[in-house]
$ cat start38.cif   # mmCIF, C-alpha atoms
data_final
loop_
_atom_site.label_atom_id
_atom_site.label_comp_id
_atom_site.auth_asym_id
_atom_site.auth_seq_id
_atom_site.Cartn_x
_atom_site.Cartn_y
_atom_site.Cartn_z
CA MET A 1 16.51 63.53 11.78
CA LEU A 2 18.94 61.41 13.78
CA ARG A 3 22.49 61.34 12.42
CA PRO A 4 25.74 59.56 13.34
CA ARG A 5 27.70 61.33 16.10
CA LEU A 6 31.37 62.35 16.19
CA ILE A 7 32.71 62.32 19.75
CA PRO A 8 36.10 63.28 21.24
CA CYS A 9 37.13 61.12 24.19
CA LEU A 10 39.39 62.72 26.81
CA LEU A 11 41.41 60.60 29.24
CA VAL A 12 42.29 62.16 32.59
CA LYS A 13 45.08 61.04 34.93
CA ASN A 14 46.14 62.98 38.04
CA GLY A 15 44.06 65.92 36.84
CA GLY A 16 45.85 66.14 33.48
CA LEU A 17 44.80 65.21 29.97
CA VAL A 18 46.68 62.13 28.73
CA LYS A 19 46.66 59.74 25.79
CA THR A 20 47.47 56.06 26.06
CA VAL A 21 48.48 53.25 23.71
CA ARG A 22 46.63 49.99 24.42
CA PHE A 23 45.75 51.43 27.85
CA ASP A 24 49.44 51.87 28.67
CA GLU A 25 52.16 54.54 28.41
CA PRO A 26 50.01 57.58 29.30
CA LYS A 27 51.41 60.68 27.61
CA TYR A 28 50.55 64.09 29.06
CA VAL A 29 48.95 66.26 26.38
CA GLY A 30 47.57 69.24 28.28
CA ASP A 31 44.88 70.65 30.53
CA PRO A 32 41.47 68.95 30.18
CA ILE A 33 39.58 72.16 30.96
CA ASN A 34 41.39 73.96 28.14
CA ALA A 35 40.49 71.08 25.82
CA VAL A 36 36.82 71.32 26.83
CA ARG A 37 36.81 75.04 26.07
CA ILE A 38 38.35 74.46 22.64
CA PHE A 39 35.78 71.77 21.86
CA ASN A 40 33.05 74.19 22.97
CA GLU A 41 34.15 76.62 20.27
CA LYS A 42 34.16 73.81 17.71
CA SER A 43 30.58 72.73 18.53
CA VAL A 44 31.30 69.04 19.00
CA ASP A 45 28.37 66.60 19.05
CA GLU A 46 29.18 65.17 22.46
CA LEU A 47 32.16 64.73 24.80
CA ILE A 48 33.39 61.73 26.81
CA VAL A 49 35.67 62.27 29.84
CA LEU A 50 37.18 59.17 31.48
CA ASP A 51 39.30 59.17 34.65
CA ILE A 52 41.60 56.23 33.94
CA ASP A 53 42.93 55.89 37.50
CA ALA A 54 39.81 56.09 39.67
CA THR A 55 38.57 52.51 39.26
CA ARG A 56 42.03 50.93 39.14
CA LEU A 57 43.06 52.66 42.38
CA GLY A 58 39.67 52.15 44.03
CA ARG A 59 39.06 55.83 44.71
CA GLU A 60 36.01 58.04 44.55
CA PRO A 61 35.23 60.04 41.42
CA ALA A 62 37.04 63.40 41.53
CA TYR A 63 33.92 65.54 41.83
CA ARG A 64 35.77 68.83 41.61
CA MET A 65 37.47 67.73 38.39
CA ILE A 66 34.13 66.55 37.00
CA GLY A 67 32.31 69.73 37.96
CA ARG A 68 34.70 72.04 36.11
CA PRO A 69 34.18 70.60 32.61
CA ALA A 70 30.49 70.01 33.36
CA HIS A 71 30.12 73.71 34.17
CA ASP A 72 31.97 74.82 31.03
CA CYS A 73 30.63 72.18 28.65
CA ARG A 74 28.12 73.34 26.03
CA MET A 75 27.59 69.86 24.61
CA PRO A 76 26.27 66.61 26.16
CA LEU A 77 28.91 65.22 28.55
CA CYS A 78 29.52 61.59 29.47
CA TYR A 79 31.75 60.83 32.49
CA GLY A 80 33.26 57.52 33.59
CA GLY A 81 35.73 56.43 36.26
CA GLY A 82 35.38 55.22 39.84
CA VAL A 83 31.57 55.18 39.83
CA ARG A 84 30.30 52.36 42.04
CA THR A 85 27.16 53.53 43.86
CA LEU A 86 23.79 55.14 43.18
CA GLU A 87 24.78 58.00 45.47
CA GLN A 88 27.83 58.76 43.32
CA ILE A 89 25.72 58.63 40.17
CA GLU A 90 23.17 61.02 41.63
CA ARG A 91 25.91 63.42 42.74
CA ILE A 92 27.59 63.43 39.31
CA VAL A 93 24.27 63.99 37.50
CA GLY A 94 23.69 66.86 39.91
CA LEU A 95 26.92 68.45 38.67
CA GLY A 96 25.41 68.74 35.19
CA VAL A 97 26.69 65.52 33.59
CA GLU A 98 24.18 64.03 31.14
CA LYS A 99 25.56 60.47 30.97
CA ILE A 100 27.36 58.17 33.42
CA ALA A 101 29.59 55.44 32.01
CA LEU A 102 29.69 52.20 34.03
CA GLY A 103 32.32 49.59 33.24
CA ALA A 104 33.95 47.58 36.03
CA ALA A 105 31.07 48.24 38.43
CA ALA A 106 28.53 46.93 35.90
CA ALA A 107 30.63 43.84 35.18
CA GLU A 108 30.99 43.05 38.89
CA ASN A 109 27.42 43.99 39.83
CA PRO A 110 25.00 44.16 36.88
CA GLU A 111 22.20 44.99 39.31
CA LEU A 112 23.86 48.37 39.95
CA LEU A 113 23.39 49.27 36.30
CA ALA A 114 19.75 48.16 36.40
CA ASN A 115 19.12 50.18 39.56
CA ALA A 116 20.90 53.20 38.08
CA CYS A 117 18.67 53.08 35.01
CA SER A 118 15.59 53.03 37.24
CA HIS A 119 17.01 55.82 39.40
CA VAL A 120 18.14 58.39 36.80
CA GLY A 121 16.75 56.97 33.55
CA SER A 122 18.21 54.67 30.94
CA GLN A 123 19.13 57.62 28.73
CA SER A 124 21.73 58.64 31.35
CA ILE A 125 23.46 55.27 31.75
CA VAL A 126 26.13 54.02 29.35
CA ALA A 127 27.50 50.48 29.62
CA VAL A 128 31.23 50.46 28.91
CA VAL A 129 32.52 47.33 27.17
CA ASP A 130 36.33 47.37 27.12
CA VAL A 131 37.48 44.47 24.96
CA LYS A 132 40.87 42.82 24.50
CA ARG A 133 42.08 39.68 22.74
CA THR A 134 43.19 37.27 25.47
CA GLY A 135 44.46 33.72 25.97
CA LEU A 136 46.08 31.33 23.54
CA MET A 137 43.10 31.57 21.18
CA ARG A 138 43.24 35.40 21.20
CA ARG A 139 39.49 35.65 21.62
CA HIS A 140 37.73 38.90 22.40
CA GLU A 141 37.06 39.22 26.14
CA VAL A 142 35.64 42.00 28.31
CA VAL A 143 38.32 43.44 30.60
CA THR A 144 38.23 46.03 33.39
CA HIS A 145 40.54 48.13 35.58
CA ASN A 146 42.51 49.51 32.61
CA ALA A 147 42.57 46.05 31.02
CA THR A 148 44.41 44.54 34.01
CA ARG A 149 41.52 42.24 34.97
CA ARG A 150 39.84 39.63 32.81
CA THR A 151 36.14 39.03 33.36
CA GLY A 152 35.52 35.91 31.29
CA TYR A 153 32.66 37.69 29.54
CA ASP A 154 32.20 37.50 25.79
CA PRO A 155 31.62 41.10 24.58
CA VAL A 156 28.50 40.23 22.60
CA GLU A 157 26.82 38.46 25.51
CA PHE A 158 27.91 41.14 27.97
CA ALA A 159 26.62 44.01 25.82
CA ARG A 160 23.34 42.16 25.27
CA GLU A 161 22.95 41.66 29.02
CA MET A 162 23.66 45.32 29.75
CA ALA A 163 21.02 46.36 27.24
CA ARG A 164 18.56 43.87 28.74
CA ARG A 165 19.13 45.41 32.16
CA GLY A 166 18.27 48.84 30.83
CA ALA A 167 21.45 50.55 29.62
CA GLY A 168 20.51 53.35 27.25
CA GLU A 169 23.76 53.08 25.29
CA VAL A 170 26.75 50.81 24.84
CA LEU A 171 30.29 52.23 24.59
CA LEU A 172 32.45 49.60 22.88
CA ASN A 173 36.18 50.18 23.27
CA SER A 174 38.89 48.09 21.59
CA VAL A 175 41.88 48.00 23.95
CA ASP A 176 44.05 46.45 21.22
CA ARG A 177 43.38 49.44 18.94
CA ASP A 178 43.61 52.16 21.64
CA GLY A 179 46.04 54.88 20.58
CA THR A 180 47.38 52.86 17.64
CA MET A 181 45.52 54.83 14.95
CA GLN A 182 45.19 51.61 12.92
CA GLY A 183 41.47 51.92 12.22
CA TYR A 184 38.36 50.62 13.96
CA ASP A 185 37.89 46.89 14.65
CA TYR A 186 34.94 46.33 12.31
CA GLU A 187 34.62 42.62 13.05
CA LEU A 188 34.17 43.31 16.76
CA ILE A 189 31.89 46.30 16.18
CA GLU A 190 29.58 44.45 13.81
CA ARG A 191 29.24 41.48 16.17
CA VAL A 192 28.15 43.70 19.03
CA ARG A 193 26.06 46.10 16.90
CA ASN A 194 24.01 43.18 15.56
CA ALA A 195 23.30 41.97 19.10
CA VAL A 196 22.10 45.10 20.90
CA PRO A 197 18.97 47.20 20.25
CA VAL A 198 20.26 50.38 21.91
CA PRO A 199 22.46 53.21 20.55
CA MET A 200 26.15 52.37 20.37
CA THR A 201 29.36 54.38 20.37
CA VAL A 202 32.69 52.83 19.38
CA LEU A 203 36.20 53.80 20.40
CA GLY A 204 39.71 52.66 19.59
CA GLY A 205 41.85 53.00 16.48
CA ALA A 206 40.56 55.96 14.45
CA ALA A 207 43.43 57.50 12.49
CA SER A 208 41.62 59.94 10.21
CA LEU A 209 38.20 61.24 9.28
CA ASP A 210 38.22 58.67 6.49
CA ASP A 211 37.98 56.00 9.21
CA VAL A 212 34.93 57.79 10.61
CA VAL A 213 33.31 58.00 7.15
CA GLY A 214 33.96 54.28 6.67
CA LEU A 215 32.36 53.52 10.02
CA TYR A 216 29.25 55.58 9.20
CA ARG A 217 28.97 53.99 5.77
CA ARG A 218 29.29 50.47 7.13
CA LEU A 219 27.39 50.71 10.44
CA GLY A 220 24.91 53.53 9.83
CA LEU A 221 23.49 55.30 12.87
CA ILE A 222 26.39 55.00 15.33
CA GLY A 223 28.63 57.17 17.48
CA ALA A 224 32.25 57.44 16.31
CA ALA A 225 34.47 58.28 19.28
CA ALA A 226 38.22 58.89 19.17
CA GLY A 227 41.04 60.18 21.32
CA SER A 228 44.27 60.47 19.34
CA LEU A 229 42.44 61.75 16.27
CA PHE A 230 41.31 64.85 18.16
CA VAL A 231 44.42 65.59 20.25
CA PHE A 232 47.24 64.82 17.80
CA LYS A 233 48.05 66.16 14.36
CA GLY A 234 50.32 64.79 11.67
CA ARG A 235 52.76 61.89 11.40
CA LEU A 236 54.83 63.08 14.38
CA ARG A 237 51.69 63.26 16.58
CA ALA A 238 52.13 66.89 17.58
CA VAL A 239 49.63 67.86 20.28
CA LEU A 240 46.83 69.91 18.72
CA ILE A 241 43.19 69.88 19.84
CA ASN A 242 41.16 69.66 16.63
CA TYR A 243 37.69 68.81 15.31
CA PRO A 244 36.11 69.24 11.85
CA ASN A 245 34.10 72.40 11.25
CA ALA A 246 30.43 72.34 10.24
CA ALA A 247 31.15 72.24 6.50
CA ALA A 248 33.62 69.38 6.90
CA LYS A 249 31.10 67.40 8.97
CA VAL A 250 28.43 67.86 6.30
CA GLN A 251 30.91 66.64 3.70
CA MET A 252 31.70 63.58 5.85
CA LEU A 253 28.03 62.71 6.21
CA ASN A 254 27.45 63.12 2.47
CA ARG A 255 30.39 60.84 1.70
CA ALA A 256 28.91 58.25 4.05
CA GLY A 257 25.53 58.48 2.32
CA TRP A 258 23.72 60.57 4.92
CA PRO A 259 21.71 63.65 3.88
CA ALA A 260 23.02 66.90 5.41
#
$ encode --input "start38.cif" --output "structure tokens"
Amino acid sequence: MLRPRLIPCLLVKNGGLVKTVRFDEPKYVGDPINAVRIFNEKSVDELIVLDIDATRLGREPAYRMIGRPAHDCRMPLCYGGGVRTLEQIERIVGLGVEKIALGAAAAENPELLANACSHVGSQSIVAVVDVKRTGLMRRHEVVTHNATRRTGYDPVEFAREMARRGAGEVLLNSVDRDGTMQGYDYELIERVRNAVPVPMTVLGGAASLDDVVGLYRRLGLIGAAAGSLFVFKGRLRAVLINYPNAAAKVQMLNRAGWPA
């Protein structure tokens, strides 16, 4: 039976593991390969690795950096950052990566996403929808390049278009909640969830496993991704890679109304 997923998201900058707040102030928190190995031992559902500099700086994906966690990873791996061509997608899939996340490239050239789905299969292509409140009206808008570029796209319409073009999954990320640990943006999530027929994962704001339980209870079959929740511990945000054990995950699902 399908169940909601619980997914750590690792941000990589200059080869190191970092954590940001609203896509800014990257704080070094360790070695990404060490984090992958720890998550292996904890049997996580899935892992997302995002290179936060590649697209912004216009450089190629760091294939060597991608290959190391892909080689060590015992769970499905999703990679994003700097991917702009079918050749890059094919090379990354060849390294053992199950999913490729397309954000800026899909916003600038939706046909790339459609071609990628035809080339490697929809199940391997994730449409990234980074969303920030912008303008005087503070409306939700899709942004790219670490939230430095506005696209003019409404997140609901953009996510719907990505699904129409074949994306097998939508990754919805609230820039305003990133690293704040203030809880998920339910209003945004529900708007997008109601508009797309494909699996969805949400990111941005999770402070505790109670937030995850609330998300499962409210949205049902969805992926709950988080960064700070799995790399920090306690009020002082001490760096500690963590993830609930099997018994704790069963308890979470039961609390959310899902059979174990």
$ resolve_selection --input "start38.cif" --expression "the PyMOL selection byres ((chain A and resi 153) around 6)" --output "count of residues only"
5
$ resolve_selection --input "start38.cif" --expression "the PyMOL selection byres ((chain A and resi 98) around 12)" --output "PyMOL selection string"
chain A and resi 46-49+66+70-71+73-80+89-97+99-101+120-126+168
$ resolve_selection --input "start38.cif" --expression "the PyMOL selection byres ((chain A and resi 162-165) around 10)" --output "number ranges by chain"
A: 106-107, 110-118, 122, 126-129, 157-161, 166-170, 195-199
$ residues_around --input "start38.cif" --residues "Lys19 in chain A" --least-positions-apart "2" --cutoff "10 Å" --atoms "all atoms listed in the file" --output "MDAnalysis selection string"
chainID A and resid 9:13 17 21:30 178:179 227:228 231:232
$ residues_around --input "start38.cif" --residues "range 215-220 of chain A" --least-positions-apart "2" --cutoff "10 Å" --atoms "all atoms listed in the file" --output "list in words"
Arg3, Pro4, Arg5, Leu6, Gly183, Tyr184, Asp185, Tyr186, Ile189, Glu190, Arg193, Asn194, Val202, Ala206, Leu209, Asp210, Asp211, Val212, Val213, Ile222, Gly223, Ala224, Met252, Leu253, Asn254, Arg255, Ala256, Gly257 and Trp258 of chain A
$ residues_around --input "start38.cif" --residues "Gly204 in chain A" --least-positions-apart "5" --cutoff "6 Å" --atoms "all atoms listed in the file" --output "NGL selection string"
:A and (173-174 or 177-178)
$ atom_distance --input "start38.cif" --atom1 "CA of Leu102 in chain A" --atom2 "CA of Ile38 in chain A"
26.5 Å
$ atom_distance --input "start38.cif" --atom1 "CA of Met65 in chain A" --atom2 "CA of Pro32 in chain A"
9.2 Å
$ atom_distance --input "start38.cif" --atom1 "CA of Ile52 in chain A" --atom2 "CA of Leu240 in chain A"
21.1 Å
$ closest_residue --input "start38.cif" --among "A:Gln251, A:Asn242, A:Ser208, A:Thr144" --to "Met181 in chain A" --atoms "only C-alpha atoms"
A:Ser208
$ residues_near_point --input "start38.cif" --point "(44.3, 55.9, 39.7)" --cutoff "10 Å" --atoms "all atoms listed in the file" --output "list in words"
Val12, Lys13, Asn14, Asp51, Ile52, Asp53, Ala54, Thr55, Arg56, Leu57, Gly58, Arg59, Glu60, Gly81, Gly82, His145 and Asn146 of chain A
$ build_atoms --input "start38.cif" --residues "range 129-161 of chain A" --atoms "N, CA and C atoms" --output "short mmCIF file (atom, residue, chain, number, x, y, z; two decimals), in the frame of the given file"
data_model
loop_
_atom_site.label_atom_id
_atom_site.label_comp_id
_atom_site.auth_asym_id
_atom_site.auth_seq_id
_atom_site.Cartn_x
_atom_site.Cartn_y
_atom_site.Cartn_z
N VAL A 129 32.05 48.68 27.49
CA VAL A 129 32.52 47.33 27.17
C VAL A 129 33.94 47.46 26.62
N ASP A 130 34.92 47.36 27.52
CA ASP A 130 36.33 47.37 27.12
C ASP A 130 36.70 45.95 26.71
N VAL A 131 37.25 45.80 25.52
CA VAL A 131 37.48 44.47 24.96
C VAL A 131 38.93 44.31 24.53
N LYS A 132 39.48 43.13 24.86
CA LYS A 132 40.87 42.82 24.50
C LYS A 132 40.95 41.36 24.06
N ARG A 133 41.84 41.07 23.12
CA ARG A 133 42.08 39.68 22.74
C ARG A 133 42.94 39.03 23.82
N THR A 134 42.50 37.90 24.35
CA THR A 134 43.19 37.27 25.47
C THR A 134 43.37 35.77 25.22
N GLY A 135 44.26 35.17 26.01
CA GLY A 135 44.46 33.72 25.97
C GLY A 135 45.16 33.23 24.72
N LEU A 136 45.38 31.94 24.67
CA LEU A 136 46.08 31.33 23.54
C LEU A 136 45.28 31.47 22.25
N MET A 137 43.95 31.49 22.36
CA MET A 137 43.10 31.57 21.18
C MET A 137 42.88 33.02 20.74
N ARG A 138 43.36 33.97 21.53
CA ARG A 138 43.24 35.40 21.20
C ARG A 138 41.79 35.78 20.91
N ARG A 139 40.90 35.32 21.78
CA ARG A 139 39.49 35.65 21.62
C ARG A 139 39.18 36.98 22.30
N HIS A 140 38.17 37.66 21.79
CA HIS A 140 37.73 38.90 22.40
C HIS A 140 37.13 38.62 23.77
N GLU A 141 37.57 39.38 24.78
CA GLU A 141 37.06 39.22 26.14
C GLU A 141 36.89 40.59 26.77
N VAL A 142 35.85 40.76 27.57
CA VAL A 142 35.64 42.00 28.31
C VAL A 142 36.67 42.08 29.45
N VAL A 143 37.33 43.23 29.55
CA VAL A 143 38.32 43.44 30.60
C VAL A 143 37.95 44.72 31.37
N THR A 144 38.50 44.85 32.57
CA THR A 144 38.23 46.03 33.39
C THR A 144 39.52 46.51 34.05
N HIS A 145 39.40 47.59 34.84
CA HIS A 145 40.54 48.13 35.58
C HIS A 145 41.73 48.38 34.65
N ASN A 146 41.48 49.19 33.61
CA ASN A 146 42.51 49.51 32.61
C ASN A 146 43.08 48.25 31.96
N ALA A 147 42.22 47.30 31.71
CA ALA A 147 42.57 46.05 31.02
C ALA A 147 43.50 45.17 31.84
N THR A 148 43.56 45.37 33.15
CA THR A 148 44.41 44.54 34.01
C THR A 148 43.64 43.35 34.58
N ARG A 149 42.32 43.34 34.45
CA ARG A 149 41.52 42.24 34.97
C ARG A 149 40.64 41.65 33.88
N ARG A 150 40.70 40.33 33.74
CA ARG A 150 39.84 39.63 32.81
C ARG A 150 38.53 39.27 33.50
N THR A 151 37.44 39.32 32.77
CA THR A 151 36.14 39.03 33.36
C THR A 151 35.58 37.67 32.94
N GLY A 152 36.09 37.14 31.83
CA GLY A 152 35.52 35.91 31.29
C GLY A 152 34.31 36.14 30.41
N TYR A 153 33.85 37.39 30.33
CA TYR A 153 32.66 37.69 29.54
C TYR A 153 33.00 37.84 28.06
N ASP A 154 32.16 37.23 27.22
CA ASP A 154 32.20 37.50 25.79
C ASP A 154 31.56 38.87 25.56
N PRO A 155 32.16 39.75 24.73
CA PRO A 155 31.62 41.10 24.58
C PRO A 155 30.19 41.15 24.04
N VAL A 156 29.85 40.23 23.15
CA VAL A 156 28.50 40.23 22.60
C VAL A 156 27.48 39.91 23.69
N GLU A 157 27.75 38.86 24.45
CA GLU A 157 26.82 38.46 25.51
C GLU A 157 26.75 39.51 26.61
N PHE A 158 27.89 40.12 26.92
CA PHE A 158 27.91 41.14 27.97
C PHE A 158 27.12 42.37 27.54
N ALA A 159 27.34 42.83 26.32
CA ALA A 159 26.62 44.01 25.82
C ALA A 159 25.13 43.72 25.76
N ARG A 160 24.76 42.53 25.32
CA ARG A 160 23.34 42.16 25.27
C ARG A 160 22.71 42.17 26.67
N GLU A 161 23.46 41.67 27.66
CA GLU A 161 22.95 41.66 29.02
C GLU A 161 22.81 43.06 29.59
#
